[in-house]
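Below is data_30.tsv, which holds TSV, C-alpha atoms.
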chain	number	residue	atom	x	y	z
A	1	MET	CA	-63.73	9.96	-9.42
A	2	SER	CA	-64.36	7.82	-6.34
A	3	HIS	CA	-62.22	8.37	-3.26
A	4	GLY	CA	-60.87	4.79	-3.30
A	5	GLU	CA	-59.96	4.89	-6.99
A	6	ARG	CA	-56.43	3.94	-8.00
A	7	PHE	CA	-54.54	3.90	-11.29
A	8	VAL	CA	-51.66	1.57	-12.13
A	9	PHE	CA	-48.71	2.17	-14.47
A	10	ILE	CA	-45.66	0.18	-15.53
A	11	THR	CA	-42.56	2.35	-15.12
A	12	GLU	CA	-38.82	2.06	-15.56
A	13	TRP	CA	-36.00	3.69	-13.62
A	14	TYR	CA	-32.34	3.74	-14.58
A	15	ASP	CA	-30.23	2.79	-11.57
A	16	PRO	CA	-26.88	4.54	-12.15
A	17	ASN	CA	-25.10	2.54	-9.42
A	18	ALA	CA	-25.94	-0.83	-10.94
A	19	SER	CA	-26.01	0.53	-14.54
A	20	LEU	CA	-29.31	-1.18	-15.28
A	21	PHE	CA	-33.00	-0.42	-15.72
A	22	ARG	CA	-35.34	-1.43	-12.90
A	23	ARG	CA	-39.05	-1.91	-13.51
A	24	TYR	CA	-41.73	-0.82	-11.06
A	25	GLU	CA	-45.49	-0.85	-10.82
A	26	LEU	CA	-46.58	2.65	-9.85
A	27	LEU	CA	-49.94	3.03	-8.12
A	28	TYR	CA	-51.51	6.47	-7.93
A	29	TYR	CA	-54.49	7.32	-5.70
A	30	PRO	CA	-56.09	10.58	-6.93
A	31	GLY	CA	-58.34	10.84	-3.84
A	32	ASP	CA	-55.46	11.90	-1.59
A	33	GLY	CA	-52.60	12.25	-4.11
A	34	SER	CA	-50.68	9.28	-2.68
A	35	VAL	CA	-48.35	6.87	-4.50
A	36	GLU	CA	-47.10	3.35	-3.95
A	37	MET	CA	-44.43	1.40	-5.84
A	38	HIS	CA	-43.78	-2.32	-6.30
A	39	ASP	CA	-40.59	-3.89	-7.63
A	40	VAL	CA	-41.81	-5.99	-10.59
A	41	LYS	CA	-38.88	-8.45	-10.69
A	42	ASN	CA	-38.64	-9.16	-6.96
A	43	HIS	CA	-42.41	-9.00	-6.27
A	44	ARG	CA	-42.01	-6.75	-3.26
A	45	THR	CA	-43.09	-3.32	-2.11
A	46	PHE	CA	-40.50	-0.71	-2.95
A	47	LEU	CA	-42.39	2.31	-1.60
A	48	LYS	CA	-45.26	2.08	0.89
A	49	ARG	CA	-48.31	4.21	0.13
A	50	THR	CA	-47.20	7.80	0.74
A	51	GLN	CA	-48.64	11.19	-0.11
A	52	TYR	CA	-46.62	12.91	-2.80
A	53	GLU	CA	-47.37	16.50	-3.74
A	54	GLY	CA	-45.56	16.94	-7.02
A	55	LEU	CA	-47.64	14.52	-9.11
A	56	ARG	CA	-50.82	15.25	-11.07
A	57	LEU	CA	-53.12	12.84	-12.86
A	58	GLN	CA	-52.65	14.65	-16.18
A	59	ASP	CA	-48.89	13.90	-16.01
A	60	LEU	CA	-49.54	10.15	-15.97
A	61	PHE	CA	-49.56	8.81	-19.52
A	62	PRO	CA	-47.32	6.34	-21.39
A	63	GLY	CA	-44.33	8.09	-22.94
A	64	ASN	CA	-44.02	10.73	-20.23
A	65	LYS	CA	-41.45	10.95	-17.45
A	66	VAL	CA	-42.27	11.79	-13.85
A	67	THR	CA	-40.02	12.23	-10.83
A	68	ILE	CA	-40.95	10.70	-7.48
A	69	PHE	CA	-38.59	11.27	-4.55
A	70	SER	CA	-35.70	12.20	-6.88
A	71	ARG	CA	-36.16	9.12	-9.07
A	72	GLN	CA	-36.99	9.85	-12.70
A	73	LEU	CA	-39.47	7.23	-13.90
A	74	ALA	CA	-40.28	6.60	-17.55
A	75	LEU	CA	-43.95	5.62	-17.91
A	76	LEU	CA	-44.03	2.62	-20.25
A	77	ASP	CA	-47.65	1.48	-20.17
A	78	TYR	CA	-50.91	1.30	-18.27
A	79	GLY	CA	-50.65	-1.37	-15.57
A	80	ASP	CA	-54.18	-2.78	-15.73
A	81	GLN	CA	-57.33	-2.80	-17.88
A	82	TYR	CA	-59.17	-0.37	-15.63
A	83	THR	CA	-56.43	2.30	-15.92
A	84	ALA	CA	-56.16	1.83	-19.68
A	85	ARG	CA	-59.92	2.10	-20.10
A	86	ARG	CA	-60.37	5.11	-17.79
A	87	LEU	CA	-57.35	7.14	-18.85
A	88	GLY	CA	-56.29	5.88	-22.26
A	89	SER	CA	-59.44	5.46	-24.30
A	90	ARG	CA	-59.95	9.01	-25.55
A	91	LYS	CA	-56.39	10.34	-25.32
A	92	GLU	CA	-55.17	11.56	-28.69
A	93	ARG	CA	-52.11	13.35	-29.99
A	94	THR	CA	-52.25	16.03	-32.64
A	95	LEU	CA	-49.94	18.52	-34.30
A	96	ALA	CA	-50.22	22.24	-33.62
A	97	LEU	CA	-48.25	24.46	-35.97
A	98	ILE	CA	-47.83	28.19	-35.32
A	99	LYS	CA	-47.19	29.73	-38.74
A	100	PRO	CA	-44.57	32.43	-39.56
A	101	ASP	CA	-47.11	35.26	-39.30
A	102	ALA	CA	-47.97	34.41	-35.66
A	103	VAL	CA	-44.62	33.31	-34.18
A	104	ALA	CA	-44.37	36.73	-32.49
A	105	LYS	CA	-47.61	35.77	-30.67
A	106	ALA	CA	-46.40	32.25	-29.75
A	107	GLY	CA	-46.61	33.06	-26.03
A	108	GLU	CA	-50.28	34.02	-26.21
A	109	ILE	CA	-51.15	31.02	-28.40
A	110	ILE	CA	-49.31	28.58	-26.10
A	111	GLU	CA	-51.10	30.11	-23.11
A	112	THR	CA	-54.46	29.54	-24.86
A	113	ILE	CA	-53.45	25.92	-25.61
A	114	GLN	CA	-52.44	25.22	-22.00
A	115	ASP	CA	-55.54	26.94	-20.60
A	116	ALA	CA	-57.68	24.67	-22.80
A	117	GLY	CA	-56.34	21.59	-21.01
A	118	PHE	CA	-53.83	20.37	-23.59
A	119	THR	CA	-50.48	18.94	-22.51
A	120	ILE	CA	-47.61	20.00	-24.79
A	121	THR	CA	-45.48	16.86	-25.16
A	122	LYS	CA	-43.09	18.15	-27.85
A	123	LEU	CA	-42.19	21.66	-29.01
A	124	LYS	CA	-39.63	23.05	-31.42
A	125	MET	CA	-39.15	26.30	-33.29
A	126	MET	CA	-37.91	25.38	-36.78
A	127	THR	CA	-37.42	26.59	-40.31
A	128	LEU	CA	-38.86	24.57	-43.17
A	129	SER	CA	-37.03	24.11	-46.46
A	130	ARG	CA	-39.13	24.38	-49.60
A	131	LYS	CA	-39.09	20.57	-49.87
A	132	GLU	CA	-40.30	20.15	-46.26
A	133	ALA	CA	-43.09	22.69	-46.85
A	134	THR	CA	-44.04	20.81	-50.04
A	135	ASP	CA	-44.13	17.45	-48.23
A	136	PHE	CA	-46.28	19.01	-45.51
A	137	HIS	CA	-48.82	20.40	-48.01
A	138	ALA	CA	-48.72	17.39	-50.36
A	139	ASP	CA	-52.53	17.11	-50.39
A	140	HIS	CA	-53.00	20.80	-51.37
A	141	GLN	CA	-51.27	20.55	-54.76
A	142	SER	CA	-54.42	21.08	-56.79
A	143	LYS	CA	-55.47	24.18	-54.82
A	144	PRO	CA	-55.20	27.62	-56.48
A	145	LEU	CA	-53.04	29.19	-53.74
A	146	TYR	CA	-50.66	26.21	-53.47
A	147	ASN	CA	-47.45	28.02	-54.49
A	148	GLU	CA	-48.18	30.98	-52.26
A	149	LEU	CA	-48.84	28.56	-49.39
A	150	ILE	CA	-45.45	26.84	-49.84
A	151	GLN	CA	-43.68	30.18	-50.19
A	152	PHE	CA	-45.27	31.50	-47.01
A	153	LEU	CA	-44.64	28.41	-44.88
A	154	SER	CA	-40.93	28.41	-45.70
A	155	SER	CA	-40.59	32.22	-45.32
A	156	GLY	CA	-39.70	32.27	-41.62
A	157	PRO	CA	-39.67	30.29	-38.38
A	158	VAL	CA	-42.63	28.13	-37.32
A	159	VAL	CA	-43.34	26.55	-33.93
A	160	ALA	CA	-44.38	22.90	-34.09
A	161	MET	CA	-45.94	21.18	-31.09
A	162	GLU	CA	-47.36	17.78	-30.29
A	163	LEU	CA	-50.48	18.19	-28.14
A	164	LEU	CA	-52.11	15.55	-25.96
A	165	ARG	CA	-55.59	15.43	-24.44
A	166	ASP	CA	-58.96	13.71	-24.78
A	167	ASP	CA	-60.28	14.20	-28.35
A	168	ALA	CA	-57.23	16.36	-29.11
A	169	ILE	CA	-57.70	16.50	-32.91
A	170	CYS	CA	-61.26	17.80	-32.76
A	171	GLU	CA	-60.64	20.08	-29.74
A	172	TRP	CA	-57.58	21.73	-31.32
A	173	LYS	CA	-59.54	22.40	-34.55
A	174	ARG	CA	-62.28	23.99	-32.43
A	175	LEU	CA	-59.76	26.21	-30.66
A	176	LEU	CA	-58.30	27.27	-34.04
A	177	GLY	CA	-61.67	28.22	-35.56
A	178	PRO	CA	-62.59	28.62	-39.25
A	179	THR	CA	-59.74	28.63	-41.82
A	180	ASN	CA	-60.53	32.16	-42.97
A	181	PRO	CA	-59.89	34.67	-40.13
A	182	GLU	CA	-62.60	37.00	-41.50
A	183	ALA	CA	-65.19	34.24	-41.10
A	184	ALA	CA	-63.63	33.28	-37.76
A	185	ARG	CA	-64.12	36.81	-36.39
A	186	THR	CA	-67.84	36.53	-37.12
A	187	GLU	CA	-68.47	32.89	-36.20
A	188	ALA	CA	-66.02	32.31	-33.31
A	189	PRO	CA	-64.56	35.67	-32.22
A	190	GLY	CA	-62.47	34.19	-29.37
A	191	CYS	CA	-60.69	31.56	-31.47
A	192	ILE	CA	-56.97	31.69	-32.38
A	193	ARG	CA	-57.48	32.57	-36.07
A	194	ALA	CA	-59.96	35.32	-35.23
A	195	LEU	CA	-57.47	36.88	-32.82
A	196	TYR	CA	-54.20	36.47	-34.73
A	197	GLY	CA	-54.95	35.60	-38.38
A	198	THR	CA	-54.97	37.94	-41.39
A	199	ASP	CA	-56.25	35.95	-44.39
A	200	ALA	CA	-56.79	32.36	-45.59
A	201	ILE	CA	-53.03	31.76	-45.92
A	202	ARG	CA	-51.72	33.91	-43.07
A	203	ASN	CA	-54.15	32.43	-40.58
A	204	ALA	CA	-51.85	32.06	-37.57
A	205	ALA	CA	-51.88	28.31	-36.99
A	206	HIS	CA	-52.69	24.89	-38.39
A	207	GLY	CA	-54.18	21.63	-37.15
A	208	PRO	CA	-54.75	18.31	-38.96
A	209	ASN	CA	-58.32	17.15	-39.63
A	210	THR	CA	-58.03	13.41	-39.12
A	211	PHE	CA	-56.19	10.81	-37.08
A	212	ALA	CA	-54.23	9.73	-40.19
A	213	SER	CA	-53.17	13.25	-41.17
A	214	ALA	CA	-52.17	14.00	-37.55
A	215	ALA	CA	-49.90	10.92	-37.51
A	216	ARG	CA	-48.39	11.81	-40.91
A	217	GLU	CA	-47.73	15.45	-40.01
A	218	MET	CA	-46.23	14.65	-36.59
A	219	GLU	CA	-43.85	12.23	-38.31
A	220	LEU	CA	-42.68	15.08	-40.58
A	221	PHE	CA	-41.90	17.43	-37.68
A	222	PHE	CA	-40.93	14.93	-34.98
A	223	PRO	CA	-39.67	11.79	-36.78
A	224	SER	CA	-39.79	8.60	-34.71
A	225	THR	CA	-37.05	6.92	-36.75
A	226	GLY	CA	-34.13	8.72	-35.12
A	227	VAL	CA	-33.52	11.01	-38.11
A	228	CYS	CA	-33.57	14.74	-37.42
A	229	GLY	CA	-36.68	16.66	-38.41
A	230	PRO	CA	-36.57	20.23	-39.76
A	231	ALA	CA	-33.66	22.37	-38.52
A	232	ASN	CA	-33.91	24.45	-35.35
A	233	THR	CA	-33.62	28.23	-35.66
A	234	ALA	CA	-30.63	28.87	-33.36
A	235	ARG	CA	-28.28	31.58	-34.66
A	236	PHE	CA	-25.40	31.08	-32.19
A	237	SER	CA	-24.48	34.78	-32.09
A	238	ASP	CA	-25.12	37.66	-29.63
A	239	CYS	CA	-27.12	35.25	-27.51
A	240	THR	CA	-27.68	33.85	-24.07
A	241	CYS	CA	-29.50	30.78	-22.80
A	242	GLY	CA	-32.73	30.63	-20.82
A	243	ILE	CA	-34.49	27.48	-19.63
A	244	VAL	CA	-38.10	27.38	-18.49
A	245	LYS	CA	-37.89	24.77	-15.73
A	246	PRO	CA	-40.07	21.62	-15.56
A	247	HIS	CA	-42.25	22.82	-12.64
A	248	ALA	CA	-43.18	25.98	-14.60
A	249	VAL	CA	-43.90	24.00	-17.79
A	250	SER	CA	-46.12	21.51	-15.95
A	251	ALA	CA	-47.95	24.34	-14.14
A	252	GLY	CA	-48.93	25.79	-17.55
A	253	LEU	CA	-46.76	28.93	-17.21
A	254	LEU	CA	-44.72	28.59	-20.43
A	255	GLY	CA	-46.96	30.89	-22.52
A	256	LYS	CA	-47.08	33.62	-19.87
A	257	MET	CA	-43.29	33.49	-19.45
A	258	LEU	CA	-42.67	33.76	-23.20
A	259	VAL	CA	-44.94	36.84	-23.32
A	260	ALA	CA	-43.07	38.41	-20.38
A	261	ILE	CA	-39.67	37.80	-22.04
A	262	ARG	CA	-40.85	39.27	-25.36
A	263	ASP	CA	-42.50	42.26	-23.69
A	264	ALA	CA	-39.22	43.02	-21.89
A	265	GLY	CA	-37.64	43.60	-25.31
A	266	PHE	CA	-35.91	40.25	-25.94
A	267	GLU	CA	-36.12	38.18	-29.10
A	268	ILE	CA	-36.54	34.44	-28.63
A	269	SER	CA	-34.62	33.22	-31.67
A	270	ALA	CA	-34.79	29.48	-30.90
A	271	MET	CA	-36.95	27.36	-28.63
A	272	GLN	CA	-37.21	23.64	-27.98
A	273	MET	CA	-38.63	21.24	-25.41
A	274	PHE	CA	-36.21	18.70	-23.93
A	275	ASN	CA	-36.66	15.75	-21.60
A	276	MET	CA	-33.28	15.80	-19.90
A	277	ASP	CA	-31.78	12.70	-18.33
A	278	ARG	CA	-29.73	12.98	-15.17
A	279	ALA	CA	-26.35	12.54	-16.87
A	280	ASN	CA	-27.02	15.45	-19.26
A	281	VAL	CA	-28.21	17.71	-16.45
A	282	GLU	CA	-25.16	16.92	-14.32
A	283	GLU	CA	-22.96	17.75	-17.30
A	284	PHE	CA	-24.83	21.01	-17.96
A	285	TYR	CA	-24.77	22.10	-14.29
A	286	GLU	CA	-21.19	20.97	-13.66
A	287	VAL	CA	-19.97	24.51	-12.88
A	288	TYR	CA	-22.28	24.61	-9.84
A	289	LYS	CA	-21.06	21.30	-8.35
A	290	GLY	CA	-19.44	21.91	-4.98
A	291	VAL	CA	-20.19	25.65	-5.38
A	292	VAL	CA	-23.88	25.94	-4.50
A	293	SER	CA	-25.53	23.91	-1.75
A	294	GLU	CA	-28.67	23.34	-3.90
A	295	TYR	CA	-26.70	21.58	-6.67
A	296	LYS	CA	-28.36	18.16	-6.12
A	297	ASP	CA	-31.86	19.67	-5.94
A	298	MET	CA	-31.17	21.75	-9.07
A	299	VAL	CA	-30.24	18.58	-10.97
A	300	THR	CA	-33.35	16.77	-9.73
A	301	GLU	CA	-35.61	19.66	-10.80
A	302	LEU	CA	-34.20	19.99	-14.32
A	303	CYS	CA	-34.76	16.30	-15.07
A	304	ALA	CA	-38.14	16.17	-13.31
A	305	GLY	CA	-40.08	16.59	-16.58
A	306	PRO	CA	-39.93	18.50	-19.86
A	307	CYS	CA	-38.10	21.85	-19.83
A	308	VAL	CA	-37.98	24.42	-22.64
A	309	ALA	CA	-34.62	25.82	-23.73
A	310	LEU	CA	-34.48	29.29	-25.31
A	311	GLU	CA	-31.88	31.14	-27.34
A	312	ILE	CA	-32.35	34.77	-26.35
A	313	GLN	CA	-31.06	37.74	-28.32
A	314	GLN	CA	-30.69	41.40	-27.43
A	315	LYS	CA	-27.81	43.83	-26.95
A	316	ASP	CA	-25.59	42.39	-24.15
A	317	PRO	CA	-28.17	39.60	-23.70
A	318	ALA	CA	-26.53	37.68	-20.81
A	319	LYS	CA	-26.44	40.63	-18.41
A	320	THR	CA	-29.84	42.08	-19.31
A	321	PHE	CA	-31.64	38.71	-19.36
A	322	ARG	CA	-30.16	37.85	-15.97
A	323	GLU	CA	-31.61	41.13	-14.67
A	324	LEU	CA	-35.03	40.17	-16.03
A	325	CYS	CA	-34.81	36.78	-14.26
A	326	GLY	CA	-33.98	38.37	-10.89
A	327	PRO	CA	-32.43	36.92	-7.72
A	328	ALA	CA	-32.19	33.11	-7.57
A	329	ASP	CA	-34.46	32.93	-4.51
A	330	PRO	CA	-38.04	33.92	-5.47
A	331	GLU	CA	-38.77	35.12	-1.91
A	332	ILE	CA	-35.89	37.59	-2.09
A	333	ALA	CA	-36.90	38.49	-5.66
A	334	ARG	CA	-40.45	39.32	-4.51
A	335	HIS	CA	-39.08	41.76	-1.93
A	336	LEU	CA	-36.30	43.37	-3.96
A	337	ARG	CA	-37.31	42.98	-7.63
A	338	PRO	CA	-41.04	42.19	-7.72
A	339	GLY	CA	-41.40	42.48	-11.51
A	340	THR	CA	-38.76	39.82	-12.35
A	341	LEU	CA	-39.55	36.36	-13.77
A	342	ARG	CA	-38.55	34.54	-10.59
A	343	ALA	CA	-40.58	36.89	-8.40
A	344	VAL	CA	-43.69	36.35	-10.54
A	345	PHE	CA	-43.35	32.67	-11.52
A	346	GLY	CA	-40.89	31.10	-9.03
A	347	LYS	CA	-41.78	28.91	-6.04
A	348	THR	CA	-38.54	28.04	-4.24
A	349	LYS	CA	-34.82	28.57	-4.75
A	350	THR	CA	-34.69	25.34	-6.78
A	351	GLN	CA	-38.07	25.71	-8.46
A	352	ASN	CA	-37.40	29.31	-9.43
A	353	ALA	CA	-39.09	29.15	-12.86
A	354	VAL	CA	-36.09	29.89	-15.07
A	355	HIS	CA	-32.40	29.20	-15.50
A	356	CYS	CA	-30.25	31.94	-17.01
A	357	THR	CA	-26.59	31.95	-17.96
A	358	ASP	CA	-24.50	33.47	-15.17
A	359	LEU	CA	-21.39	34.49	-17.10
A	360	PRO	CA	-21.62	36.36	-20.42
A	361	GLU	CA	-18.93	34.14	-21.97
A	362	ASP	CA	-20.97	31.00	-21.17
A	363	GLY	CA	-24.11	32.17	-23.04
A	364	LEU	CA	-23.08	30.76	-26.41
A	365	LEU	CA	-21.74	27.53	-24.85
A	366	GLU	CA	-25.05	26.85	-23.09
A	367	VAL	CA	-27.05	27.60	-26.24
A	368	GLN	CA	-24.78	25.25	-28.21
A	369	TYR	CA	-25.25	22.52	-25.57
A	370	PHE	CA	-28.99	22.43	-26.23
A	371	PHE	CA	-29.32	23.39	-29.88
A	372	LYS	CA	-26.21	21.67	-31.29
A	373	ILE	CA	-25.44	18.75	-28.98
A	374	LEU	CA	-28.78	17.66	-27.46
A	375	ASP	CA	-30.88	18.46	-30.55
A	376	ASN	CA	-28.76	16.05	-32.59

Output the structure of this file as structure tokens.
Amino acid sequence: MSHGERFVFITEWYDPNASLFRRYELLYYPGDGSVEMHDVKNHRTFLKRTQYEGLRLQDLFPGNKVTIFSRQLALLDYGDQYTARRLGSRKERTLALIKPDAVAKAGEIIETIQDAGFTITKLKMMTLSRKEATDFHADHQSKPLYNELIQFLSSGPVVAMELLRDDAICEWKRLLGPTNPEAARTEAPGCIRALYGTDAIRNAAHGPNTFASAAREMELFFPSTGVCGPANTARFSDCTCGIVKPHAVSAGLLGKMLVAIRDAGFEISAMQMFNMDRANVEEFYEVYKGVVSEYKDMVTELCAGPCVALEIQQKDPAKTFRELCGPADPEIARHLRPGTLRAVFGKTKTQNAVHCTDLPEDGLLEVQYFFKILDN
């Protein structure tokens, strides 16, 4: 990458004061991490070239949202041929499915996925009906283990993800390893199926083989038509809400945090990635308005990129999960409670890795907000 290189994107920002969408050309200079913005309609500079720390090249792709100086921009398209050719030519999306036998190891598998350079653009823990499992395995009907396969896939929760990176389909298959875990342990001992699979059916995870099957399978789990895909796994009882914040998701910490939560004795009974818009975040954080001085920064952080909402279950979950999260300020947490999530994964009082429900009686309400209202 040459020092003078620049990439151009067409972006859109919703201006709440004028109630309209404004379109900008966003220029990104990877050499020094600076950005520049031009107002498309008025043909004038909106933001002079300025260094901006919170942006990474891997976050810049059509369909994603990025936040620059508190403005949430939707990336619509590449802005010139050079950018499209350099960044878009080999980018692929594929489906990653963690099967019922390996959901308990979802944290480790997600960590492996993120360490391998994939961006997780969608994620949802779901349960498949027999019909949904049948639709998914439509091309396996003639195989001898077909019924057992359907039975197994609909026997418990699965975690479906959309993954993005160069050559994603082929690279995800390589990370998975051979279909049979026995063979995988011999041929590719570090692969996901070698580590977490049991047999040819209970082999931890799945990935499509071709571009066409990837598109078909992603449409089953994450329909583009506005209809709901398979149901989420939220139970709405004895629960509290946790949210892995956007800065922690984009830094590749989701897997590690899920492992830490599980190892502390909590069950993650539902999990889903959301791209929150400002209005939703303000509604969700309303109780903090006028109460905490960081309210505005908290709102900006939660809509800065994808976050992952969790339904967490354990005895008296709200109190005990809050203890695991630790003090709101990571600096204080590192001094007083060094083993807590915010001490280990937090950066600042706003970017403190995780949101947890403050009041026990609000746990269910917050879970419902994500898994009943936003999911629909």

Which residue, A:Lys245, A:Arg93, A:Lys131, A:Arg235, has the smallest gap to Ala214 of chain A when you use all atoms listed in the file?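 Result for the nearest residue to Ala214 of chain A: A:Arg93.
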
Compare A:Arg85, A:Gly117, A:Glu187, A:Ala205 by their minimum atom-to-atom distance to Ile98 of chain A, counting only C-alpha atoms, and give me the closest one. A:Ala205

Give me the segment 57-159 of chain A side of the contact with segment 269-289 of chain A, cut-off 6 Å, one line per residue showing its nearest atom pair and distance in Å at one decimal, counting only C-alpha atoms, sorted by chain and residue number, as a tab-separated table.
residue	atom	partner	partner_atom	distance
A:Lys122	CA	A:Met273	CA	5.9
A:Leu123	CA	A:Met273	CA	5.1
A:Lys124	CA	A:Gln272	CA	4.2
A:Met125	CA	A:Met271	CA	5.3

Taking all atoms of segment 311-314 of chain A that appear in the file, build a box with edges along x, y and z, extend it by 8 Å on every side, and state its centre and edge lengths in Å to one decimal, as JSON.
{"center_x": -31.5, "center_y": 36.3, "center_z": -27.3, "size_x": 17.7, "size_y": 26.3, "size_z": 18.0}

Excluding Pro327 of chain A and its own-chain neighbours fewer than 4 positions away, which residues fall within 8 Å of it when counting only C-alpha atoms? Please give them as a list in words. Ile332, Ala333, Arg337 and Arg342 of chain A

Writer output for current selection, C-alpha atoms, as a tab-separated table (two decimals), keeping the file's coordinate frame:
chain	number	residue	atom	x	y	z
A	332	ILE	CA	-35.89	37.59	-2.09
A	333	ALA	CA	-36.90	38.49	-5.66
A	337	ARG	CA	-37.31	42.98	-7.63
A	342	ARG	CA	-38.55	34.54	-10.59

Residue neighbourhood Glu311 of chain A, 7 Å, only C-alpha atoms, exclusion window fewer than 3 positions, as a PyMOL selection string: chain A and resi 234+239-242+268-271+367
